[in-house]
Every structure is written in structure tokens, then in C-alpha cells.
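Undergrad: This is the structure, below, for whatever I ask next.
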Amino acid sequence: MKFMKLGSRPDTFYTTDAVRTVSSEVSSDLIVQVKGSRYLLHKFPLLSKCLRLQRICSEYLETSQHQIIQLPDFPSGIEAFEMTEDIEKGNLVYKLEVFFNSCIIHGWRDSIVTLQSTKAFPLWSEDLGITSRCIEAIASKILAHPLKMSLSHSHSRRVRDDISCNGEESQRHKPTTKGWWAEDMAELGIDLYWRTMIAIKSGGKMPSNLIGEALQTYASRWLPNISSKVKANKEAASDSDSDSSSDATSKHRLLLESIISLLPSEKGAASCSFLLKLLKAANILNASSSSKMELARRVALQLEEARISDLLIPSLSYSSNVLYDVDIVLTILEQFILQRQSPPTSPPRSKRGLEKRRRSRSVENIDFEFQESRRSSSASHSSRLKVAKIIDGYLQEVARDINLPLSKFIAIAETIPDFSRLDHDDLYRAIDIYLKVNKN
């Protein structure tokens, strides 16, 4: 937009009683009111540049020296006069479009910052396509360079700070397989983050473990120390003036369930420890039953990786005083047993086709399939042994709870088949602890 001014001195604004006045050699002849503020301006430079102001002014009658026009819904206040190519080529809208396409969405950090800023004016940002274009730009950059750490603003800042302190780059900031984009994206609100992650997953090129790590980074950013809120939630439940606490819980619940919906379907995409922390948070935030069940199913798939401390999920039951939620662990165990009993998912073959296939098989193929079957069976048995060891250790911990019903202790112990235990020493130790705590 060409620079226009009146008089020979620089124009400046000053404010008096919510009235912004341009200081100029020429007196103002136009008053623009935006919300609670009035702006004393000049018609000539404004009307010559803005068709909308021309139209508005033509509808108002000039009853005094100053013509007053109302702009109650003006985007971003007086700072964003609407100007189009109908008035003058190379206008503000065109320049902004060129700047946005050539600079903003070509830079990683600029794309993130601009996407964050759209939450101030969500409807306008959607209508102008700013939100969708930023999301597409971010997703395309991630999919093009999923492991290029140098592109990360957060990583570059940490390395720069570390070099300034130590004189050389620290080993803990050397490039790893972790997605460089995870920390930068963790700054986004859940709505924009969810849409961006969907765009990334839709690309079909991102390794599932990087998606899982990114979700863990985001959860650490927005759901820190969620277990510390157990006591506060219990107290808030009996307090009639806990509206603010309830609102915060609802926001955290929405965030948690959104993270769960983004988890990749592949086994091992997210660590068992992370899944159990999400399950613990789901319990605390009273997430939906479907969300809890989905997490229990995923944990069961890799239960042999679990740590006993992660299985100690606090109980939020108001009908009993048990310390830990043993029901959810029992559900995980049942899922674990069920998954190991599932039949093969390969499609059935006709008897004739099967016989023909048998005749055509070579001895090497039959031997290979036999070895694979033995290897799979061995892995399954190894997994059962590890889970049995973990659960017996878990029983030793929950046995110390004087309020734990005997029926639940027995239910968990009996869920593990006898052949999954190399010995029963850990189980006997758990029984001994329970009997000592519950002498009566």
C-alpha cells in the first residue's frame, strides 16, 4: 500500500478519554468508532484506499463537521482496514497473501507461531484458510524430514544455550531417533494439535514409534503429575463450590481422550509405561469406559514390559477405602489371557486348495513354517513367564493394603495359569504379607 499523509509533519496518534486522534496539520473530519473507542481521522486518505469505507460513508448523512461511522465488528480493531484489489493493485490484502505464501508457510517456526495465533480469531482464520494452510505446511515438513533434528526450534535453542554455557555441544543434545518436531508441536492447544496429528498420520509415511513419542511429549507438557490431583479431586467431590475444579478436570479429560484417539494401532508404538500413565490419568479424570478399555487392551498387548510401580493405580472408589484399583489390573490380565488364546486371523482355505498347496510345498518351506511356529510359541511362553513374575510382585505390594478384599487378591492370583510360574516363591511371599496384614 502506498504511503499517504497530510501536511509536512509526521503523523502521530495521541489518546484522550478513549478517543484516538491523529496529530496533523489538517484537522480531522471523520470519526470511526470501533467498540468502545473513537478514532478522529481524515476522510481523503482513507476513502481513497478503501471501498468499504466509501460505501459506509455514503450511507451516513453529514450532520456536523465530523462524520461518525460505526464499525462494531471490524476485524482486529482499527489496525486492519479492509482493502482489496478493486481499489488499487498491490494492495494490503495482496501483499499479505504474497508474504504468507512466500515466507510464513515456508518456515517451520513461523508456521507453528502463526497456527498458534489463529486461536485468537478462529472463525476468520478458518474462513481465510490460514489454519488449514498452516496445518498442511507443518505436516508436509514433518513428513519430508521426520528425523532432521536441525529443523527443530526447541532443539536448536537448547543446543545454542548449551554451547554458550559449556563451549561445546552436550552429548544429551546429539541427534536421536526421536522426532525433532514433537517439542515444537507440543506448544499447540489440543484442537490444533489433534488436527495436525491427523494430517501427519494421513500422510502414511510416519513411523508409528515417532507418533507414540510425540504423544508422550505432548502428554508430559499438558498432563504433568496428574496423579497428585487424586486427593484434590476427592475433596472437590464433596465441595459444592468446585465449579472451577470441575471445568479444569473436563478440559484435562478432553485432552486425555484426544491423545488416546491418536495412539497408533501398532503394538509397541507407545511404551507400556506411557500407556499405564495414561490409564492412571483416565482413572483420575473419570474418562469414558471406552477410553479405559482401549488403554487396558493396549497395555495387555505388551504387559511383559510393565513395571510394578506403573500398575499401582490409585483407587478413586468412594464406597471402599482400598488404596489401589485392582479391578483395572484384573481387566488388563483378562485381556492378556484372551489375546493369547485368540485363533489365527488368516482367512480359511478350502480343503481342496489346502491339499494342492500341501503337495506343492517344498521340504524347506515346511521346515521354515515349523521353526516360525516354535519361535512364536516360545515367545508367547516367555511373555507369560514375565507377566507372572510381574503380577506376583504386584500382589506383594497390594497385599499390604489392609482394606483389600480377599476375593480380589485371589482373583488376580488365579488369573495367572500355574504353568506360567517357574516357581511359586513370589506368590507365597505375597500370601504371607497379606496374612500378616490381615491377622483377624
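Just so we're on the same page: first chain in the C-alpha cells is A, next is B, and so on; residues restart at 1 for each chain, and ligands are numbered from 1 in the order they show up.
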What lies within 8 Å of Ile68 (chain A) using only C-alpha atoms, ignoring chain neighbours under 4 positions off, as a PyMOL selection string?
TA: chain A and resi 30-33+60
Undergrad: Just the residues within 8 Å of region 199-215 of chain A, please, counting only C-alpha atoms, with nothing from its chain fewer than 5 positions along; format it as an MDAnalysis selection string.
TA: chainID A and resid 135:136 139:140 142:143 146 178:179 181:183 259 262:264 266 268:271
Undergrad: Pick the closest to Ile402 (chain A) from A:Tyr434, A:Trp124, A:Tyr193, A:Trp222: which is it, counting only C-alpha atoms?
TA: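 Comparing A:Tyr434, A:Trp124, A:Tyr193, A:Trp222 against Ile402 (chain A), the winner is A:Tyr434.
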Undergrad: Which is closest to Phe274 (chain A) among A:Gln216, A:Ser258, A:Thr114, A:Ser250, if we use only C-alpha atoms?
TA: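 Using only C-alpha atoms, the shortest distance to Phe274 (chain A) belongs to A:Gln216.
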Undergrad: I want to know what sits within 12 Å of Val322 (chain A), based on only C-alpha atoms, with residues of the same chain fewer than 4 positions away left out; could you give that as number ranges by chain?
TA: A: 312-318, 326-327, 398-406, 408-409
Undergrad: As a list in words, please: the residues near Leu279 (chain A) (cut-off 10 Å, only C-alpha atoms, same-chain neighbours under 6 positions excluded).
TA: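 The residues that qualify are Leu256, Ile260, Ser273, Leu285, Ala287, Ser291, Lys292, Met293, Glu294, Leu295, Ala296, Val299, Asp310, Leu311, Ile313 and Ile328 of chain A.
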Undergrad: Grab the CA of Asn283 (chain A) to CA of Pro417 (chain A) distance for me, in Å with one decimal place.
TA: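 Taking CA of Asn283 (chain A) as the start and CA of Pro417 (chain A) as the end point, the length is 27.9 Å.
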